[in-house]
Structure formats: C-alpha cells, structure tokens
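Undergrad: Just passing along the structure, written as structure tokens.
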Amino acid sequence: MAAGRDTVSPMADDIDLRSVADRLAIDDLITRYSTALDDRDFDLLDTVFTAGADLDYEEVGGFRGDRAAFKAWMAEVAPYFDMWLHHATNRAITVEGDTARAVTYLLNPVVLKGRPGVLLEGGRYHDRLERTPEGWRITARREEPLWHDWPPELRP
C-alpha cells in the first residue's frame with residue numbers, strides 16, 4: 001500500500017474519480033462545440049447547449065439568443081467564410097456538484113470568401129454548465145474578445 005493510502009476513505013476515491021470524469025466530460029463538450037462549428041454540423045450544438053442557453057456573442061458578432069437562434073445565426077453567417085478553425089485551449093474548469101464554470105481560451109484563424117489571407121482572433125469563452133440527464137451542457141456562454149487582426153469594417 002502506498003504511503004498514506006490507509007488514511008484515505010473509499011469515499012474520497014469515488015469523489016476524485018467523479019471529479020475527473022466530470023472534467024473530462026466538460027473538456028469533451030468544449031471540443032464538441034469547436035467540432036460542430038468547424039464541420040458546420042450545427043445540429044451537433046444540440047449536444048453542447050441547453051435549449052434555453054443564454055449565448056452572448058454581442059462583442060464579437062452582434063448575436064445574443066438561445067440555442068435555436070444561435071444555430072440559425074451560424075447557418076446564416078457560415079457562407080461568408082471559406083474556413084474557420086476554433087482552437088479551444090487552456091481550459092480552467094471548476095465543478096461544484098451538478099453545476100460548473102469554465103473559462104476557455106480561443107484562437108480562431110478565419111478565411112473570408114473572396115478575401116486574401118488569414119484573419120485571426122483570440123479571446124475567451126466564459127461558460128456556466130449544468131449536469132443534465134443527457135450529460136453536461138452549457139447553460140450560458142459569453143465570448144470575450146481579447147485581440148483580433150481583422151479589418152475594422154468587419155467587426156461589430
């Protein structure tokens with residue numbers, strides 16, 4: 001037996017395993033969001049957000065609404081882009097029972113249709129999450145812009 005293991009209760013092991021499982025599930029959820037956008041599989045967002053999620057992208061694209069409105073907005077703006085790649089990194093996740101908070105850094109290279117070169121943006125997602133019968137889902141998200149290399153006329 002490892003040093004000190006005889007003083008740890010079996011319950012502590014269960015809590016640690018659940019915490020690890022929760023963090024991995026939330027990490028997967030954040031990755032699934034990027035995959036949904038980059039593959040333009042907007043129905044996959046149904047497995048990322050609750051139906052009534054408060055999604056605030058006002059500072060980066062002028063959008064605020066729920067999941068259905070976000071999916072419609074993404075389908076509307078997607079044709080303006082040849083490519084985008086959402087790199088979600090440096091995730092700080094705090095789980096408290098059946099709720100959680102996450103802050104995730106974002107790097108997003110973008111190619112606009114008919115425009116040469118790659119535009120870049122960086123920011124953070126601020127998420128509130130809940131454990132649902134279907135698994136973890138984001139109930140609120142705000143994207144905070146930190147920097148961008150976009151022509152001024154293209155930003156809200």
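Chain identifiers are assigned as A, B, and so on, following the order in which chains appear in the structure tokens; residues are numbered from 1 within each chain, and ligands are numbered from 1 in order of appearance.
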Please identify every residue of region 79-133 of chain A that has at least one atom no farther than 6 Å from an atom of region 138-148 of chain A, counting only C-alpha atoms, and for each give the shortest atom pair and the distance in Å to one decimal, arranged by chain then increasing number, as CSV.
TA:
```
residue,atom,partner,partner_atom,distance
A:Leu120,CA,A:His148,CA,5.6
A:Glu121,CA,A:His148,CA,4.1
A:Gly122,CA,A:Trp147,CA,5.3
A:Gly123,CA,A:Pro145,CA,4.3
A:Arg124,CA,A:Glu144,CA,5.1
A:Tyr125,CA,A:Glu143,CA,4.6
A:His126,CA,A:Arg142,CA,5.2
A:Asp127,CA,A:Arg141,CA,4.5
A:Arg128,CA,A:Ala140,CA,5.1
A:Leu129,CA,A:Ile138,CA,4.3
```
Undergrad: Just want the 10 Å neighbourhood of Leu29 (chain A), counted on only C-alpha atoms, with same-chain residues fewer than 5 positions away dropped. Output as a count of residues only.
TA: 12
Undergrad: Could you jot down the CA of Ala53 (chain A) to CA of Met74 (chain A) separation for me, Å, one decimal place?
TA: 15.3 Å
Undergrad: Which residues, written as a list in words, have at least one atom at most 10 Å from Arg91 (chain A), with only C-alpha atoms counted and residues fewer than 2 positions away on the same chain left out?
TA: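 Near neighbours after the sequence-gap exclusion: Arg23, Ile26, Asp27, Ile30, Ala88, Thr89, Ile93, Thr94, Ala102, Val103, Thr104, Tyr105, Leu106, Arg124 and Tyr125 of chain A.
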Undergrad: Using only all heavy atoms, please write the residues we just selected to a file, as a short mmCIF file (atom, residue, chain, number, x, y, z; two decimals), in the first residue's frame.
TA:
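New file selection15.cif:
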```cif
data_model
loop_
_atom_site.label_atom_id
_atom_site.label_comp_id
_atom_site.auth_asym_id
_atom_site.auth_seq_id
_atom_site.Cartn_x
_atom_site.Cartn_y
_atom_site.Cartn_z
N ARG A 23 -14.69 16.58 -15.28
CA ARG A 23 -13.78 17.47 -16.01
C ARG A 23 -13.53 16.96 -17.43
O ARG A 23 -13.49 17.74 -18.38
CB ARG A 23 -12.48 17.65 -15.24
CG ARG A 23 -12.68 18.46 -13.95
CD ARG A 23 -11.40 18.55 -13.13
NE ARG A 23 -10.32 19.15 -13.90
CZ ARG A 23 -10.15 20.45 -14.10
NH1 ARG A 23 -10.99 21.30 -13.59
NH2 ARG A 23 -9.13 20.89 -14.80
N ILE A 26 -16.66 17.66 -19.53
CA ILE A 26 -16.75 19.08 -19.88
C ILE A 26 -15.72 19.43 -20.93
O ILE A 26 -16.00 20.17 -21.88
CB ILE A 26 -16.64 19.95 -18.61
CG1 ILE A 26 -17.88 19.74 -17.73
CG2 ILE A 26 -16.45 21.41 -18.98
CD1 ILE A 26 -17.76 20.32 -16.34
N ASP A 27 -14.53 18.90 -20.80
CA ASP A 27 -13.49 19.11 -21.80
C ASP A 27 -13.97 18.61 -23.17
O ASP A 27 -13.83 19.30 -24.19
CB ASP A 27 -12.21 18.39 -21.38
CG ASP A 27 -11.04 18.73 -22.26
OD1 ASP A 27 -10.48 19.83 -22.10
OD2 ASP A 27 -10.67 17.89 -23.10
N ILE A 30 -16.59 21.01 -24.67
CA ILE A 30 -16.00 22.22 -25.27
C ILE A 30 -15.37 21.89 -26.62
O ILE A 30 -15.49 22.66 -27.58
CB ILE A 30 -15.00 22.84 -24.28
CG1 ILE A 30 -15.76 23.38 -23.05
CG2 ILE A 30 -14.19 23.95 -24.95
CD1 ILE A 30 -14.88 23.74 -21.87
N ALA A 88 -9.82 25.72 -29.04
CA ALA A 88 -10.21 25.98 -27.66
C ALA A 88 -9.16 25.37 -26.75
O ALA A 88 -8.97 24.16 -26.73
CB ALA A 88 -11.59 25.39 -27.39
N THR A 89 -8.45 26.23 -26.00
CA THR A 89 -7.29 25.78 -25.23
C THR A 89 -7.34 26.33 -23.80
O THR A 89 -8.23 27.11 -23.46
CB THR A 89 -5.98 26.24 -25.89
OG1 THR A 89 -5.92 27.67 -25.82
CG2 THR A 89 -5.89 25.80 -27.33
N ILE A 93 -11.57 24.72 -15.43
CA ILE A 93 -12.89 24.17 -15.14
C ILE A 93 -13.05 24.02 -13.63
O ILE A 93 -12.19 23.43 -12.98
CB ILE A 93 -13.08 22.80 -15.83
CG1 ILE A 93 -12.94 22.95 -17.35
CG2 ILE A 93 -14.42 22.18 -15.45
CD1 ILE A 93 -12.81 21.63 -18.09
N THR A 94 -14.15 24.53 -13.10
CA THR A 94 -14.48 24.38 -11.69
C THR A 94 -15.83 23.70 -11.58
O THR A 94 -16.83 24.25 -12.06
CB THR A 94 -14.53 25.75 -10.98
OG1 THR A 94 -13.29 26.42 -11.18
CG2 THR A 94 -14.80 25.59 -9.50
N ALA A 102 -16.51 27.31 -16.56
CA ALA A 102 -15.29 27.07 -17.35
C ALA A 102 -14.90 28.36 -18.05
O ALA A 102 -15.76 29.12 -18.51
CB ALA A 102 -15.53 25.96 -18.38
N VAL A 103 -13.60 28.58 -18.11
CA VAL A 103 -13.03 29.66 -18.91
C VAL A 103 -12.08 28.99 -19.88
O VAL A 103 -11.20 28.23 -19.46
CB VAL A 103 -12.30 30.71 -18.06
CG1 VAL A 103 -11.64 31.76 -18.95
CG2 VAL A 103 -13.26 31.36 -17.07
N THR A 104 -12.29 29.23 -21.16
CA THR A 104 -11.52 28.58 -22.21
C THR A 104 -10.97 29.63 -23.15
O THR A 104 -11.71 30.49 -23.63
CB THR A 104 -12.43 27.61 -23.01
OG1 THR A 104 -13.05 26.70 -22.12
CG2 THR A 104 -11.63 26.87 -24.06
N TYR A 105 -9.68 29.56 -23.41
CA TYR A 105 -9.06 30.48 -24.37
C TYR A 105 -9.37 30.02 -25.79
O TYR A 105 -9.49 28.83 -26.06
CB TYR A 105 -7.56 30.56 -24.15
CG TYR A 105 -7.20 31.44 -22.99
CD1 TYR A 105 -7.38 30.99 -21.69
CD2 TYR A 105 -6.71 32.72 -23.19
CE1 TYR A 105 -7.08 31.80 -20.61
CE2 TYR A 105 -6.39 33.54 -22.12
CZ TYR A 105 -6.59 33.07 -20.83
OH TYR A 105 -6.28 33.88 -19.77
N LEU A 106 -9.49 30.99 -26.69
CA LEU A 106 -9.87 30.74 -28.07
C LEU A 106 -8.86 31.39 -29.00
O LEU A 106 -8.51 32.56 -28.83
CB LEU A 106 -11.26 31.34 -28.33
CG LEU A 106 -11.68 31.56 -29.78
CD1 LEU A 106 -11.94 30.22 -30.45
CD2 LEU A 106 -12.90 32.44 -29.86
N ARG A 124 -11.72 34.60 -25.02
CA ARG A 124 -12.06 33.61 -24.00
C ARG A 124 -13.55 33.35 -24.02
O ARG A 124 -14.35 34.28 -24.23
CB ARG A 124 -11.69 34.10 -22.60
CG ARG A 124 -10.22 34.14 -22.32
CD ARG A 124 -9.95 34.50 -20.87
NE ARG A 124 -10.18 35.91 -20.64
CZ ARG A 124 -9.27 36.74 -20.13
NH1 ARG A 124 -8.08 36.30 -19.79
NH2 ARG A 124 -9.54 38.01 -19.96
N TYR A 125 -13.91 32.10 -23.82
CA TYR A 125 -15.30 31.72 -23.55
C TYR A 125 -15.48 31.66 -22.04
O TYR A 125 -14.67 31.04 -21.34
CB TYR A 125 -15.64 30.35 -24.13
CG TYR A 125 -15.55 30.24 -25.62
CD1 TYR A 125 -14.76 29.26 -26.22
CD2 TYR A 125 -16.28 31.08 -26.46
CE1 TYR A 125 -14.69 29.12 -27.59
CE2 TYR A 125 -16.21 30.95 -27.84
CZ TYR A 125 -15.42 29.96 -28.39
OH TYR A 125 -15.37 29.82 -29.75
#
```
Undergrad: Between CA of Asp82 (chain A) and CA of Pro151 (chain A), what is the distance in Å, rounded to a tenth?
TA: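 According to the coordinates, CA of Asp82 (chain A) and CA of Pro151 (chain A) are separated by 16.8 Å.
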Undergrad: Would you give me, as a list of chain:residue names, the residues in region 35-117 of chain A that DSSP reads as helix (DSSP H, G or I)?
TA: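 Filtering region 35-117 of chain A to helix (DSSP H, G or I) leaves A:Thr35, A:Ala36, A:Leu37, A:Asp38, A:Phe42, A:Asp43, A:Leu44, A:Leu45, A:Asp46, A:Thr47, A:Glu58, A:Glu59, A:Val60, A:Gly61, A:Arg67, A:Ala68, A:Ala69, A:Phe70, A:Lys71, A:Ala72, A:Trp73, A:Met74, A:Ala75, A:Glu76, A:Val77, A:Ala78, A:Pro79, A:Tyr80.
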Undergrad: A:Ala69, A:Leu85, A:Arg101, A:Arg40: which is nearest Gly52 (chain A), counting only C-alpha atoms?
TA: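 Once distances to Gly52 (chain A) are computed over only C-alpha atoms, the minimum belongs to A:Ala69.
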Undergrad: So, counting only C-alpha atoms, which residue among A:Asp46, A:Glu59, A:Asp149, A:Glu130 is closest to Glu96 (chain A)?
TA: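 That would be A:Glu130, the residue with the smallest distance to Glu96 (chain A).
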Undergrad: Which value, in Å to one decimal, gives the distance between CA of Gly62 (chain A) and CA of Glu76 (chain A)?
TA: 13.0 Å
Undergrad: When distances are computed from only C-alpha atoms, which of A:Asp28, A:Asp66, A:Asp38, A:Val60 shows the smallest separation from Pro152 (chain A)?
TA: A:Val60
Undergrad: For Asp98 (chain A), which residue among A:Asp43, A:Thr31, A:Leu119, A:Thr132 is the nearest when counting only C-alpha atoms?
TA: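 Nearest to Asp98 (chain A): A:Thr132.
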Undergrad: Between A:Glu134, A:Asp22, A:Asp39, A:Glu58, which has the minimum distance to Met83 (chain A) (counting only C-alpha atoms)?
TA: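 Using only C-alpha atoms, Met83 (chain A) sits closest to A:Asp39.
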Undergrad: Using only C-alpha atoms, pick whichever of A:Val20, A:Leu55, A:Ala72, A:Leu37 has the shortest atom-to-atom distance to Trp84 (chain A).
TA: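 Closest candidate: A:Leu37.
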Undergrad: Among the residues of region 56-140 of chain A, find those DSSP assigns to strand (DSSP E) from the backbone and print them as an NGL selection string.
TA: :A and (56-57 or 63-65 or 81-84 or 87-96 or 99-112 or 119-132 or 135-140)
Undergrad: Can I get the selection written as a short mmCIF file (atom, residue, chain, number, x, y, z; two decimals), in the first residue's frame, with C-alpha atoms?
TA:
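And here is the file that came out, part.cif:
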```
data_model
loop_
_atom_site.label_atom_id
_atom_site.label_comp_id
_atom_site.auth_asym_id
_atom_site.auth_seq_id
_atom_site.Cartn_x
_atom_site.Cartn_y
_atom_site.Cartn_z
CA ASP A 56 -23.79 36.12 -25.73
CA TYR A 57 -21.58 36.84 -28.75
CA PHE A 63 -25.53 37.97 -31.61
CA ARG A 64 -27.37 37.13 -28.40
CA GLY A 65 -30.00 34.44 -28.04
CA PHE A 81 -16.36 32.09 -44.64
CA ASP A 82 -14.21 29.70 -46.65
CA MET A 83 -12.72 28.38 -43.44
CA TRP A 84 -12.57 28.86 -39.71
CA HIS A 87 -8.88 26.23 -31.23
CA ALA A 88 -10.21 25.98 -27.66
CA THR A 89 -7.29 25.78 -25.23
CA ASN A 90 -6.16 26.49 -21.66
CA ARG A 91 -9.39 25.35 -20.03
CA ALA A 92 -9.96 26.26 -16.38
CA ILE A 93 -12.89 24.17 -15.14
CA THR A 94 -14.48 24.38 -11.69
CA VAL A 95 -17.10 21.76 -10.83
CA GLU A 96 -19.45 22.24 -7.89
CA THR A 99 -23.02 22.88 -11.90
CA ALA A 100 -19.72 24.09 -13.25
CA ARG A 101 -17.91 27.11 -14.63
CA ALA A 102 -15.29 27.07 -17.35
CA VAL A 103 -13.03 29.66 -18.91
CA THR A 104 -11.52 28.58 -22.21
CA TYR A 105 -9.06 30.48 -24.37
CA LEU A 106 -9.87 30.74 -28.07
CA LEU A 107 -7.66 31.16 -31.12
CA ASN A 108 -9.61 31.33 -34.37
CA PRO A 109 -7.97 31.71 -37.80
CA VAL A 110 -10.56 32.69 -40.40
CA VAL A 111 -10.61 32.93 -44.21
CA LEU A 112 -13.38 35.11 -45.65
CA LEU A 119 -7.61 36.80 -40.31
CA LEU A 120 -7.05 35.95 -36.65
CA GLU A 121 -8.89 36.48 -33.42
CA GLY A 122 -8.26 35.49 -29.84
CA GLY A 123 -10.47 35.55 -26.81
CA ARG A 124 -12.06 33.61 -24.00
CA TYR A 125 -15.30 31.72 -23.55
CA HIS A 126 -16.92 32.16 -20.15
CA ASP A 127 -19.31 29.25 -19.59
CA ARG A 128 -21.81 28.15 -16.99
CA LEU A 129 -22.71 24.47 -17.21
CA GLU A 130 -25.18 22.02 -15.69
CA ARG A 131 -25.30 18.27 -15.45
CA THR A 132 -28.43 17.16 -17.31
CA GLY A 135 -24.76 14.82 -19.71
CA TRP A 136 -23.06 18.16 -19.18
CA ARG A 137 -24.47 21.08 -21.18
CA ILE A 138 -23.60 24.78 -21.38
CA THR A 139 -26.41 26.95 -19.99
CA ALA A 140 -24.72 30.31 -20.60
#
```
